[in-house]
There are 2 protein chains.
Amino acid sequence: MRPILTGVATPAVVVDGDVLDRNIAAMARWTREQGIALRPHAKTHKIPEIAHRQLAAGAVGLTVATIGEAEVFTDSGIRDIFIAYPLWVDDRAARRLLALTEHARVAVGVDSAEGARQLGRTLGPAAARVPVRVEVDCGHHRSGALPSEAVGVAQAAGSAGLKVDGIFTFPGHSYGPGAAGPAVADEEAALAAAAASLRTAGFHDLTVSGGSTPSSVLSVGGTLTELRPGVYVFGDAQQWEFGHCRPEDIALTVESTVVSHRRGAAGERDHLIVDAGSKVLGSDRAAWASGFGRLLDHPGARIVALSEHHATVQWPGGEVLPPLGTRLRVVPNHVCLTVNLVDEVQVVRDGVVEECWGVAARGRNG
Amino acid sequence: MRPILTGVATPAVVVDGDVLDRNIAAMARWTREQGIALRPHAKTHKIPEIAHRQLAAGAVGLTVATIGEAEVFTDSGIRDIFIAYPLWVDDRAARRLLALTEHARVAVGVDSAEGARQLGRTLGPAAARVPVRVEVDCGHHRSGALPSEAVGVAQAAGSAGLKVDGIFTFPGHSYGPGAAGPAVADEEAALAAAAASLRTAGFHDLTVSGGSTPSSVLSVGGTLTELRPGVYVFGDAQQWEFGHCRPEDIALTVESTVVSHRRGAAGERDHLIVDAGSKVLGSDRAAWASGFGRLLDHPGARIVALSEHHATVQWPGGEVLPPLGTRLRVVPNHVCLTVNLVDEVQVVRDGVVEECWGVAARGRNG
């Protein structure tokens with residue numbers, strides 16, 4: 001068992017630097033072996049120190065979700081960024097995008113002809129400085145044009161003076177036990193259809209970008225030229241529960257303190273409360289999740305309720321409840337939310353805090 | 001319909017100052033009429049400007065959840081604070097508590113004899129400077145001693161050199177349609193039993209503190225001497241959906257932009273995506289909620305899916321989908337999480353931004 005810190009006030013977000021480095025290296029190696037460029041999604045960590053480690057390991061650039069995130073990472077010296085979101089760009093946003101292009105190559109997503117025209121109009125004569133990628137819906141049913149509609153979006157972009165340099169999709173329906181395989185097949189089919197139609201219409205040199213952490217191990221080069229996983233750097237309880245990572249691959253935990261014991265329905269004192277609640281863990285809970293997070297060192301425990309500063313943990317039957325004051329490591333369900341709730345993370349190696357990294361892009365939602 | 005801002009980048013957390021003032025005044029008046037002291041829970045807003053308005057309207061002090069929140073509010077000049085949480089206090093936390101007592105009266109929660117002894121030990125000779133209140137579980141089944149156990153906790157606190165100045169409970173099971181009435185009855189019974197046993201054991205001048213926003217309108221003085229509602233200042237979709245507030249009572253919304261349209265299962269373009277996701281709304285969703293939040297000006301719309309930067313909205317059948325670029329006001333399900341995700345809120349009156357308030361206690365989880 002990795003040592004638990006006792007010197008920090010709880011709840012504290014703690015990153016195991018060695019596990020982080022292993023995760024970064026493993027994804028870089030995998031994508032290299034598949035012949036796919038790696039453009040990690042930095043929304044997961046929002047931390048420049050981690051972004052630079054990803055680039056040093058071979059990533060071609062970063063993915064972000066917002067202009068604000070792009071500003072933070074270009075400020076930290078990143079020179080190639082894709083905003084994988086169908087932005088609706090008003091004049092103010094256009095000025096921010098153009099300012100970014102003075103320091104970095106910045107591409108943005110577009111999923112409609114109206115969005116493309118709006119982008120071209122607000123960028124004006126500088127439209128060609130911001131390449132666009134057409135978002136395709138491959139089955140997650142969030143944003144994205146249908147594969148058959150992608151060429152229309154690309155043509156509208158071209159007419160608006162924008163350079164179309166690729167297509168992208170997010171196979172978000174890969175999240176869930178057993179869901180990655182079918183989602184990868186959907187992704188491949190949607191991207192292949194959309195890419196073919198764009199090429200037929202005269203769009204060439206296209207980046208074909210996909211991926212998510214659960215689907216990454218099933219991704220192969222060919223149609224796909226670029227992968228954008230995010231969560232793989234840390235892992236989380238979702239990835240653990242559907243078998244994509246092992247407990248020893250989890251680099252980020254929320255160190256917490258047992259503050260209360262209570263009786264369960266049978267009258268036994270078999271529940272405890274720790275001081276990590278939704279304001280540090282986030283409250284995502286998929287239908288298939290076993291609870292509101294997991295305990296790294298106690299896989300049989302279940303977080304059965306969560307409020308802002310309380311996680312209620314049902315302790316495994318027959319095991320002695322740890323005393324009040326015990327420190328426990330909570331693995332959040334969805335780590336992207338956790339990092340966005342704190343200003344800094346403690347970086348430990350061999351149980352010693354070596355550094356404290358600021359979450360520089362925390363809260364940059366727009 | 002209140003005007004929608006167009007000058008701020010979305011997503012933006014916007015507070016209607018007039019509605020906020022009305023909500024603050026209404027709760028102050030109600031508790032005054034019931035003869036109950038009001039000690040609002042500041043975890044909801046985390047904003048000193050709002051805390052001072054609550055005190056000016058008659059609140060006796062503030063409630064907070066953490067030492068970090070207490071530090072922010074005492075720094076802003078608040079002189080009476082109750083940390084309504086069963087803290088496990090180590091030496092570092094004890095030093096922070098004692099530092100607080102130099103500027104304010106600061107009481108803390110305790111729900112176990114072990115917790116009381118730990119607090120007395122770490123505070124040492126200064127133990128009497130931090131009054132404690134015994135937490136009682138009235139049916140929410142989170143932290144809190146059983147009513148029958150409260151006297152034992154109080155006696156342990158007394159033996160540890162602590163002054164017991166009250167008991168408290170949180171009727172959290174008041175959240176839900178029709179749940180407030182039974183929860184208030186549970187609260188009354190639990191507090192009455194615990195208070196009687198403490199008085200019999202020689203503890204007097206006790207504050208008997210309860211309350212939540214949903215239960216507040218059913219609370220009457222007598223057993224209860226103090227109320228700690230939080231959400232009432234803003235309202236949210238939870239309160240709206242179980243009938244505790246009306247849309248016109250909702251003071252906080254997340255202004256967002258329509259970025260994408262998509263087809264629903266029937267093939268119609270009847271869904272839209274706005275740029276407010278879980279990283280600004282929070283992802284709490286109770287079993288009885290109609291979705292992941294509501295649209296203030298479109299009560300028939302439903303937020304059927306939420307990811308970090310996308311809310312997927314099902315538009316009411318037969319109504320025309322608003323065009324891309326339209327601004328919509330999202331009402332979060334649980335406003336306490338929303339405020340904790342942003343550094344500042346825009347304060348508007350009559351549709352004009354008058355002030356920008358910093359969320360000074362954001363992220364102060366420990």
# chains A, B, ... in the order shown; residues from 1 in each chain; ligands from 1
$ interface_residues --of "chain A" --to "chain B" --cutoff "7 Å" --atoms "only C-alpha atoms" --output "MDAnalysis selection string"
chainID A and resid 9:11 86:88 142:143 259:260 262 273 279 283:284 312 325 337 341:342 363 365:366
$ write_last_selection --atoms "N, CA and C atoms" --output "JSON list (two decimals), in the first residue's frame"
[["chain", "number", "residue", "atom", "x", "y", "z"],
["A", 9, "ALA", "N", -3.68, 19.25, 5.32],
["A", 9, "ALA", "CA", -5.05, 19.34, 5.80],
["A", 9, "ALA", "C", -5.96, 18.63, 4.80],
["A", 10, "THR", "N", -6.95, 17.93, 5.31],
["A", 10, "THR", "CA", -7.89, 17.24, 4.43],
["A", 10, "THR", "C", -9.16, 18.06, 4.28],
["A", 11, "PRO", "N", -9.88, 17.87, 3.17],
["A", 11, "PRO", "CA", -9.55, 17.01, 2.03],
["A", 11, "PRO", "C", -8.47, 17.65, 1.16],
["A", 86, "PRO", "N", -17.74, 23.05, -30.46],
["A", 86, "PRO", "CA", -18.37, 23.86, -31.52],
["A", 86, "PRO", "C", -18.68, 25.26, -30.99],
["A", 87, "LEU", "N", -17.67, 26.07, -30.90],
["A", 87, "LEU", "CA", -17.81, 27.42, -30.34],
["A", 87, "LEU", "C", -18.82, 28.26, -31.12],
["A", 88, "TRP", "N", -19.61, 29.04, -30.41],
["A", 88, "TRP", "CA", -20.36, 30.12, -31.05],
["A", 88, "TRP", "C", -19.57, 31.38, -30.75],
["A", 142, "ARG", "N", -24.37, 14.11, -28.66],
["A", 142, "ARG", "CA", -24.23, 15.37, -27.93],
["A", 142, "ARG", "C", -24.16, 16.42, -29.03],
["A", 143, "SER", "N", -23.07, 17.15, -29.18],
["A", 143, "SER", "CA", -22.94, 18.01, -30.35],
["A", 143, "SER", "C", -22.37, 17.19, -31.51],
["A", 259, "VAL", "N", -14.50, 11.35, 10.05],
["A", 259, "VAL", "CA", -14.96, 12.30, 11.08],
["A", 259, "VAL", "C", -16.11, 11.76, 11.91],
["A", 260, "SER", "N", -16.78, 10.72, 11.44],
["A", 260, "SER", "CA", -17.96, 10.24, 12.17],
["A", 260, "SER", "C", -18.20, 8.78, 11.83],
["A", 262, "ARG", "N", -21.47, 5.87, 12.04],
["A", 262, "ARG", "CA", -22.90, 5.78, 12.32],
["A", 262, "ARG", "C", -23.42, 4.38, 12.04],
["A", 273, "ILE", "N", -18.25, 8.44, 7.98],
["A", 273, "ILE", "CA", -18.31, 9.67, 7.19],
["A", 273, "ILE", "C", -16.88, 10.20, 7.04],
["A", 279, "LYS", "N", -18.08, 18.90, -3.01],
["A", 279, "LYS", "CA", -17.34, 20.12, -3.34],
["A", 279, "LYS", "C", -15.86, 19.86, -3.61],
["A", 283, "SER", "N", -19.95, 15.39, -8.27],
["A", 283, "SER", "CA", -21.03, 14.45, -7.96],
["A", 283, "SER", "C", -21.50, 13.65, -9.15],
["A", 284, "ASP", "N", -20.66, 13.51, -10.18],
["A", 284, "ASP", "CA", -21.03, 12.61, -11.28],
["A", 284, "ASP", "C", -21.19, 11.19, -10.73],
["A", 312, "THR", "N", -20.66, 9.35, 2.76],
["A", 312, "THR", "CA", -21.09, 8.28, 3.66],
["A", 312, "THR", "C", -20.61, 6.96, 3.07],
["A", 325, "GLY", "N", -10.49, 9.95, 12.74],
["A", 325, "GLY", "CA", -9.16, 10.52, 12.53],
["A", 325, "GLY", "C", -8.33, 9.75, 11.52],
["A", 337, "LEU", "N", -13.75, 16.53, -12.89],
["A", 337, "LEU", "CA", -14.49, 17.45, -12.03],
["A", 337, "LEU", "C", -13.72, 17.77, -10.76],
["A", 341, "LEU", "N", -12.12, 21.62, -9.04],
["A", 341, "LEU", "CA", -12.65, 22.14, -7.78],
["A", 341, "LEU", "C", -11.56, 22.68, -6.85],
["A", 342, "VAL", "N", -10.30, 22.49, -7.21],
["A", 342, "VAL", "CA", -9.23, 22.91, -6.30],
["A", 342, "VAL", "C", -8.23, 23.82, -7.01],
["A", 363, "GLY", "N", -11.68, 26.47, -13.63],
["A", 363, "GLY", "CA", -12.77, 27.43, -13.75],
["A", 363, "GLY", "C", -12.79, 28.22, -15.05],
["A", 365, "ASN", "N", -14.18, 28.32, -17.89],
["A", 365, "ASN", "CA", -15.29, 27.68, -18.60],
["A", 365, "ASN", "C", -15.66, 28.35, -19.92],
["A", 366, "GLY", "N", -15.15, 29.53, -20.14],
["A", 366, "GLY", "CA", -15.55, 30.22, -21.37],
["A", 366, "GLY", "C", -14.40, 30.93, -22.03]]
$ residues_around --residues "A:Phe242" --least-positions-apart "6" --cutoff "9 Å" --atoms "only C-alpha atoms" --output "ChimeraX atom specification"
/A:175-178,214,288-289
$ write_last_selection --atoms "C-alpha atoms" --output "PDB file, in the first residue's frame"
ATOM      1  CA  TYR A 175     -18.055   5.081 -21.106  1.00  0.00           C
ATOM      2  CA  GLY A 176     -19.515   2.051 -19.440  1.00  0.00           C
ATOM      3  CA  PRO A 177     -18.783  -1.610 -18.868  1.00  0.00           C
ATOM      4  CA  GLY A 178     -18.308  -3.296 -22.230  1.00  0.00           C
ATOM      5  CA  PRO A 214     -11.863   3.996 -22.521  1.00  0.00           C
ATOM      6  CA  TRP A 288     -23.564   1.647 -13.585  1.00  0.00           C
ATOM      7  CA  ALA A 289     -21.285   3.111 -10.870  1.00  0.00           C
TER       8      ALA A 289
END
$ residues_around --residues "B:Val72" --least-positions-apart "4" --cutoff "9 Å" --atoms "only C-alpha atoms" --output "PyMOL selection string"
chain B and resi 46+48+67-68+76+360-361+364
$ residues_around --residues "stretch 126-135 of chain B" --least-positions-apart "5" --cutoff "9 Å" --atoms "only C-alpha atoms" --output "MDAnalysis selection string"
chainID B and resid 82 84:86 97:98 101 105:112 116 119:121 143:147 150:151 153:154 157 160:170 206:208
$ write_last_selection --atoms "N, CA and C atoms" --output "tab-separated table (two decimals), in the first residue's frame"
chain	number	residue	atom	x	y	z
B	82	PHE	N	-20.64	29.75	13.39
B	82	PHE	CA	-20.78	28.36	13.85
B	82	PHE	C	-20.35	27.44	12.71
B	84	ALA	N	-20.80	24.20	11.46
B	84	ALA	CA	-21.79	23.13	11.69
B	84	ALA	C	-21.31	21.82	11.08
B	85	TYR	N	-20.26	21.29	11.64
B	85	TYR	CA	-19.64	20.08	11.09
B	85	TYR	C	-18.90	19.39	12.22
B	86	PRO	N	-18.95	18.06	12.29
B	86	PRO	CA	-18.24	17.35	13.35
B	86	PRO	C	-16.75	17.24	13.01
B	97	LEU	N	-8.25	27.18	14.63
B	97	LEU	CA	-9.45	27.54	15.40
B	97	LEU	C	-9.13	28.61	16.43
B	98	LEU	N	-8.01	28.43	17.13
B	98	LEU	CA	-7.67	29.41	18.16
B	98	LEU	C	-7.37	30.78	17.55
B	101	THR	N	-10.54	32.60	17.09
B	101	THR	CA	-11.21	33.12	18.29
B	101	THR	C	-10.65	34.47	18.72
B	105	ARG	N	-16.42	35.05	17.76
B	105	ARG	CA	-16.93	33.92	18.52
B	105	ARG	C	-17.12	32.78	17.52
B	106	VAL	N	-16.44	31.67	17.73
B	106	VAL	CA	-16.50	30.56	16.78
B	106	VAL	C	-16.86	29.29	17.53
B	107	ALA	N	-18.04	28.75	17.25
B	107	ALA	CA	-18.46	27.47	17.82
B	107	ALA	C	-18.29	26.38	16.78
B	108	VAL	N	-18.08	25.14	17.26
B	108	VAL	CA	-17.92	24.03	16.32
B	108	VAL	C	-18.83	22.88	16.70
B	109	GLY	N	-19.08	22.00	15.72
B	109	GLY	CA	-19.91	20.83	15.95
B	109	GLY	C	-19.09	19.67	16.48
B	110	VAL	N	-19.78	18.76	17.18
B	110	VAL	CA	-19.14	17.54	17.65
B	110	VAL	C	-20.24	16.48	17.71
B	111	ASP	N	-19.94	15.26	17.29
B	111	ASP	CA	-21.00	14.25	17.32
B	111	ASP	C	-20.57	12.94	17.97
B	112	SER	N	-19.40	12.96	18.64
B	112	SER	CA	-18.94	11.74	19.29
B	112	SER	C	-18.08	12.11	20.49
B	116	ALA	N	-14.97	14.84	20.72
B	116	ALA	CA	-14.91	15.85	21.78
B	116	ALA	C	-13.58	15.77	22.52
B	119	LEU	N	-10.81	17.13	20.39
B	119	LEU	CA	-10.87	18.60	20.33
B	119	LEU	C	-10.31	19.20	21.62
B	120	GLY	N	-10.73	18.65	22.76
B	120	GLY	CA	-10.23	19.16	24.04
B	120	GLY	C	-8.72	18.99	24.14
B	121	ARG	N	-8.22	17.85	23.71
B	121	ARG	CA	-6.78	17.56	23.80
B	121	ARG	C	-5.97	18.52	22.93
B	143	SER	N	-24.02	12.51	9.38
B	143	SER	CA	-23.35	12.54	10.68
B	143	SER	C	-24.37	12.86	11.77
B	144	GLY	N	-23.91	12.91	13.02
B	144	GLY	CA	-24.81	13.21	14.13
B	144	GLY	C	-25.01	12.02	15.04
B	145	ALA	N	-25.01	12.30	16.34
B	145	ALA	CA	-25.31	11.27	17.33
B	145	ALA	C	-26.82	11.02	17.33
B	146	LEU	N	-27.23	9.83	17.76
B	146	LEU	CA	-28.66	9.62	17.99
B	146	LEU	C	-29.09	10.53	19.13
B	147	PRO	N	-30.35	10.94	19.17
B	147	PRO	CA	-30.80	11.81	20.26
B	147	PRO	C	-30.46	11.23	21.64
B	150	ALA	N	-26.79	11.90	22.64
B	150	ALA	CA	-26.28	13.28	22.67
B	150	ALA	C	-25.73	13.64	24.04
B	151	VAL	N	-26.39	13.19	25.07
B	151	VAL	CA	-25.94	13.58	26.42
B	151	VAL	C	-24.55	13.01	26.71
B	153	VAL	N	-22.20	12.54	24.54
B	153	VAL	CA	-21.24	13.38	23.82
B	153	VAL	C	-21.01	14.68	24.59
B	154	ALA	N	-22.11	15.25	25.08
B	154	ALA	CA	-21.99	16.50	25.83
B	154	ALA	C	-21.14	16.30	27.10
B	157	ALA	N	-17.58	16.10	26.22
B	157	ALA	CA	-17.08	17.44	25.90
B	157	ALA	C	-16.79	18.22	27.18
B	160	ALA	N	-13.74	17.18	28.80
B	160	ALA	CA	-12.55	17.57	28.05
B	160	ALA	C	-12.28	19.07	28.15
B	161	GLY	N	-13.08	19.76	28.98
B	161	GLY	CA	-12.83	21.18	29.19
B	161	GLY	C	-13.54	22.09	28.21
B	162	LEU	N	-14.43	21.50	27.41
B	162	LEU	CA	-15.15	22.30	26.41
B	162	LEU	C	-16.47	22.81	26.98
B	163	LYS	N	-16.90	23.94	26.51
B	163	LYS	CA	-18.20	24.47	26.92
B	163	LYS	C	-19.25	24.03	25.89
B	164	VAL	N	-20.28	23.36	26.34
B	164	VAL	CA	-21.36	22.93	25.44
B	164	VAL	C	-22.41	24.04	25.41
B	165	ASP	N	-22.58	24.65	24.25
B	165	ASP	CA	-23.55	25.76	24.21
B	165	ASP	C	-24.77	25.48	23.36
B	166	GLY	N	-24.89	24.23	22.88
B	166	GLY	CA	-26.09	23.96	22.11
B	166	GLY	C	-26.10	22.59	21.47
B	167	ILE	N	-27.18	22.32	20.77
B	167	ILE	CA	-27.29	21.13	19.94
B	167	ILE	C	-27.77	21.59	18.57
B	168	PHE	N	-27.50	20.75	17.58
B	168	PHE	CA	-27.97	21.11	16.23
B	168	PHE	C	-28.25	19.86	15.42
B	169	THR	N	-29.08	20.06	14.41
B	169	THR	CA	-29.37	18.97	13.48
B	169	THR	C	-29.60	19.56	12.11
B	170	PHE	N	-29.47	18.70	11.09
B	170	PHE	CA	-29.79	19.12	9.73
B	170	PHE	C	-30.85	18.16	9.18
B	206	LEU	N	-28.90	26.46	26.28
B	206	LEU	CA	-28.56	25.78	25.03
B	206	LEU	C	-29.22	26.44	23.83
B	207	THR	N	-28.44	26.69	22.79
B	207	THR	CA	-29.03	27.00	21.49
B	207	THR	C	-29.50	25.69	20.88
B	208	VAL	N	-30.70	25.68	20.35
B	208	VAL	CA	-31.24	24.47	19.71
B	208	VAL	C	-31.47	24.84	18.24
$ residues_around --residues "B:Gly235" --least-positions-apart "5" --cutoff "10 Å" --atoms "only C-alpha atoms" --output "mmCIF file with C-alpha atoms, in the first residue's frame"
data_model
loop_
_atom_site.group_PDB
_atom_site.id
_atom_site.type_symbol
_atom_site.label_atom_id
_atom_site.label_comp_id
_atom_site.auth_asym_id
_atom_site.auth_seq_id
_atom_site.Cartn_x
_atom_site.Cartn_y
_atom_site.Cartn_z
ATOM 1 C CA VAL B 19 -34.380 39.149 -6.094
ATOM 2 C CA LEU B 20 -31.484 38.406 -3.740
ATOM 3 C CA ASN B 23 -35.089 36.620 -0.484
ATOM 4 C CA THR B 44 -24.338 28.424 -0.363
ATOM 5 C CA THR B 213 -34.383 25.907 3.201
ATOM 6 C CA GLY B 230 -28.632 28.386 3.081
ATOM 7 C CA TRP B 240 -38.431 25.161 -7.721
ATOM 8 C CA HIS B 244 -40.493 25.810 -2.304
ATOM 9 C CA CYS B 245 -39.755 28.740 -4.589
ATOM 10 C CA ARG B 246 -41.261 30.214 -7.711
ATOM 11 C CA PRO B 247 -39.248 31.030 -10.847
ATOM 12 C CA GLU B 248 -39.429 34.714 -9.946
ATOM 13 C CA ASP B 249 -37.738 33.967 -6.601
ATOM 14 C CA ILE B 250 -34.644 32.524 -8.284
ATOM 15 C CA ALA B 251 -31.814 35.014 -7.922
ATOM 16 C CA LEU B 252 -28.973 33.073 -9.554
ATOM 17 C CA THR B 253 -28.793 31.724 -13.077
ATOM 18 C CA VAL B 331 -31.132 27.363 -13.206
ATOM 19 C CA PRO B 332 -28.764 24.857 -11.562
ATOM 20 C CA ASN B 333 -30.245 21.962 -9.631
ATOM 21 C CA HIS B 334 -28.127 22.699 -6.562
ATOM 22 C CA VAL B 335 -26.865 26.242 -6.393
ATOM 23 C CA CYS B 336 -24.272 25.595 -3.642
#
$ select_by_dssp --residues "stretch 138-349 of chain A" --states "strand (DSSP E)" --output "PyMOL selection string"
chain A and resi 164-168+207-210+226-227+252-262+271-274+294-295+302-306+311-314+327-331+344-349
$ select_by_dssp --residues "stretch 126-223 of chain B" --states "alpha helix (DSSP H)" --output "PyMOL selection string"
chain B and resi 150-159+180-200+213-216
$ residues_around --residues "B:Pro182" --least-positions-apart "3" --cutoff "12 Å" --atoms "only C-alpha atoms" --output "mmCIF file with C-alpha atoms, in the first residue's frame"
data_model
loop_
_atom_site.group_PDB
_atom_site.id
_atom_site.type_symbol
_atom_site.label_atom_id
_atom_site.label_comp_id
_atom_site.auth_asym_id
_atom_site.auth_seq_id
_atom_site.Cartn_x
_atom_site.Cartn_y
_atom_site.Cartn_z
ATOM 1 C CA CYS B 138 -32.913 13.546 13.155
ATOM 2 C CA GLY B 139 -33.412 11.176 10.235
ATOM 3 C CA HIS B 140 -31.140 12.355 7.450
ATOM 4 C CA PRO B 171 -33.114 17.773 8.461
ATOM 5 C CA GLY B 172 -31.638 16.980 5.059
ATOM 6 C CA HIS B 173 -34.403 14.497 4.391
ATOM 7 C CA SER B 174 -36.612 17.577 3.890
ATOM 8 C CA TYR B 175 -35.287 17.690 0.316
ATOM 9 C CA GLY B 176 -37.868 16.242 -1.996
ATOM 10 C CA PRO B 177 -41.467 16.747 -3.010
ATOM 11 C CA GLY B 178 -43.662 16.562 0.083
ATOM 12 C CA ALA B 179 -40.738 15.666 2.337
ATOM 13 C CA ALA B 185 -41.655 16.600 12.720
ATOM 14 C CA ASP B 186 -38.560 14.380 12.973
ATOM 15 C CA GLU B 187 -36.391 17.415 13.641
ATOM 16 C CA GLU B 188 -38.657 18.677 16.405
ATOM 17 C CA ALA B 189 -38.802 15.258 18.075
ATOM 18 C CA PRO B 214 -37.210 23.466 2.397
ATOM 19 C CA SER B 215 -38.177 23.047 6.056
ATOM 20 C CA LEU B 218 -42.732 24.991 8.481
ATOM 21 C CA SER B 219 -40.395 25.825 11.362
#
$ residues_around --residues "A:Trp30" --least-positions-apart "5" --cutoff "10 Å" --atoms "only C-alpha atoms" --output "list in words"
Ala25, Gly35, Ile36, Leu38, Ser216, Val217, Ser219 and Val220 of chain A
$ atom_distance --atom1 "atom CA of B:Ala26" --atom2 "atom CA of B:Gly61"
17.0 Å
$ atom_distance --atom1 "atom CA of B:Val13" --atom2 "atom CA of B:Glu344"
7.7 Å
$ closest_residue --among "B:Ile4, B:Val353, B:Val254, B:Val359" --to "B:Gly293" --atoms "only C-alpha atoms"
B:Val254
$ atom_distance --atom1 "atom CA of A:Gly152" --atom2 "atom CA of B:Glu268"
18.6 Å
$ decode --residues "stretch 344-359 of chain B" --atoms "N, CA and C atoms" --output "PDB file, in the first residue's frame"
ATOM      1  N   GLU B 344     -16.132  34.441  -9.477  1.00  0.00           N
ATOM      2  CA  GLU B 344     -16.897  35.667  -9.274  1.00  0.00           C
ATOM      3  C   GLU B 344     -18.287  35.511  -9.859  1.00  0.00           C
ATOM      4  N   VAL B 345     -19.178  36.338  -9.357  1.00  0.00           N
ATOM      5  CA  VAL B 345     -20.537  36.386  -9.921  1.00  0.00           C
ATOM      6  C   VAL B 345     -20.811  37.820 -10.364  1.00  0.00           C
ATOM      7  N   GLN B 346     -21.580  37.936 -11.448  1.00  0.00           N
ATOM      8  CA  GLN B 346     -22.004  39.248 -11.937  1.00  0.00           C
ATOM      9  C   GLN B 346     -23.300  39.610 -11.226  1.00  0.00           C
ATOM     10  N   VAL B 347     -23.370  40.789 -10.661  1.00  0.00           N
ATOM     11  CA  VAL B 347     -24.584  41.214  -9.966  1.00  0.00           C
ATOM     12  C   VAL B 347     -25.312  42.222 -10.840  1.00  0.00           C
ATOM     13  N   VAL B 348     -26.518  41.867 -11.222  1.00  0.00           N
ATOM     14  CA  VAL B 348     -27.274  42.747 -12.114  1.00  0.00           C
ATOM     15  C   VAL B 348     -28.500  43.294 -11.397  1.00  0.00           C
ATOM     16  N   ARG B 349     -28.881  44.496 -11.777  1.00  0.00           N
ATOM     17  CA  ARG B 349     -30.181  45.063 -11.401  1.00  0.00           C
ATOM     18  C   ARG B 349     -30.765  45.662 -12.665  1.00  0.00           C
ATOM     19  N   ASP B 350     -32.003  45.302 -12.952  1.00  0.00           N
ATOM     20  CA  ASP B 350     -32.652  45.744 -14.191  1.00  0.00           C
ATOM     21  C   ASP B 350     -31.806  45.429 -15.422  1.00  0.00           C
ATOM     22  N   GLY B 351     -31.160  44.285 -15.420  1.00  0.00           N
ATOM     23  CA  GLY B 351     -30.454  43.844 -16.617  1.00  0.00           C
ATOM     24  C   GLY B 351     -29.107  44.491 -16.843  1.00  0.00           C
ATOM     25  N   VAL B 352     -28.658  45.286 -15.877  1.00  0.00           N
ATOM     26  CA  VAL B 352     -27.359  45.941 -16.041  1.00  0.00           C
ATOM     27  C   VAL B 352     -26.407  45.409 -14.967  1.00  0.00           C
ATOM     28  N   VAL B 353     -25.182  45.074 -15.357  1.00  0.00           N
ATOM     29  CA  VAL B 353     -24.207  44.604 -14.379  1.00  0.00           C
ATOM     30  C   VAL B 353     -23.800  45.782 -13.502  1.00  0.00           C
ATOM     31  N   GLU B 354     -24.069  45.662 -12.214  1.00  0.00           N
ATOM     32  CA  GLU B 354     -23.729  46.751 -11.295  1.00  0.00           C
ATOM     33  C   GLU B 354     -22.434  46.486 -10.562  1.00  0.00           C
ATOM     34  N   GLU B 355     -22.204  45.212 -10.253  1.00  0.00           N
ATOM     35  CA  GLU B 355     -21.028  44.858  -9.464  1.00  0.00           C
ATOM     36  C   GLU B 355     -20.578  43.474  -9.870  1.00  0.00           C
ATOM     37  N   CYS B 356     -19.366  43.160  -9.465  1.00  0.00           N
ATOM     38  CA  CYS B 356     -18.847  41.816  -9.615  1.00  0.00           C
ATOM     39  C   CYS B 356     -18.350  41.412  -8.230  1.00  0.00           C
ATOM     40  N   TRP B 357     -18.918  40.355  -7.680  1.00  0.00           N
ATOM     41  CA  TRP B 357     -18.515  39.916  -6.337  1.00  0.00           C
ATOM     42  C   TRP B 357     -17.625  38.690  -6.433  1.00  0.00           C
ATOM     43  N   GLY B 358     -16.534  38.697  -5.720  1.00  0.00           N
ATOM     44  CA  GLY B 358     -15.656  37.526  -5.674  1.00  0.00           C
ATOM     45  C   GLY B 358     -16.243  36.451  -4.769  1.00  0.00           C
ATOM     46  N   VAL B 359     -16.104  35.209  -5.186  1.00  0.00           N
ATOM     47  CA  VAL B 359     -16.555  34.086  -4.354  1.00  0.00           C
ATOM     48  C   VAL B 359     -15.387  33.748  -3.427  1.00  0.00           C
TER      49      VAL B 359
END
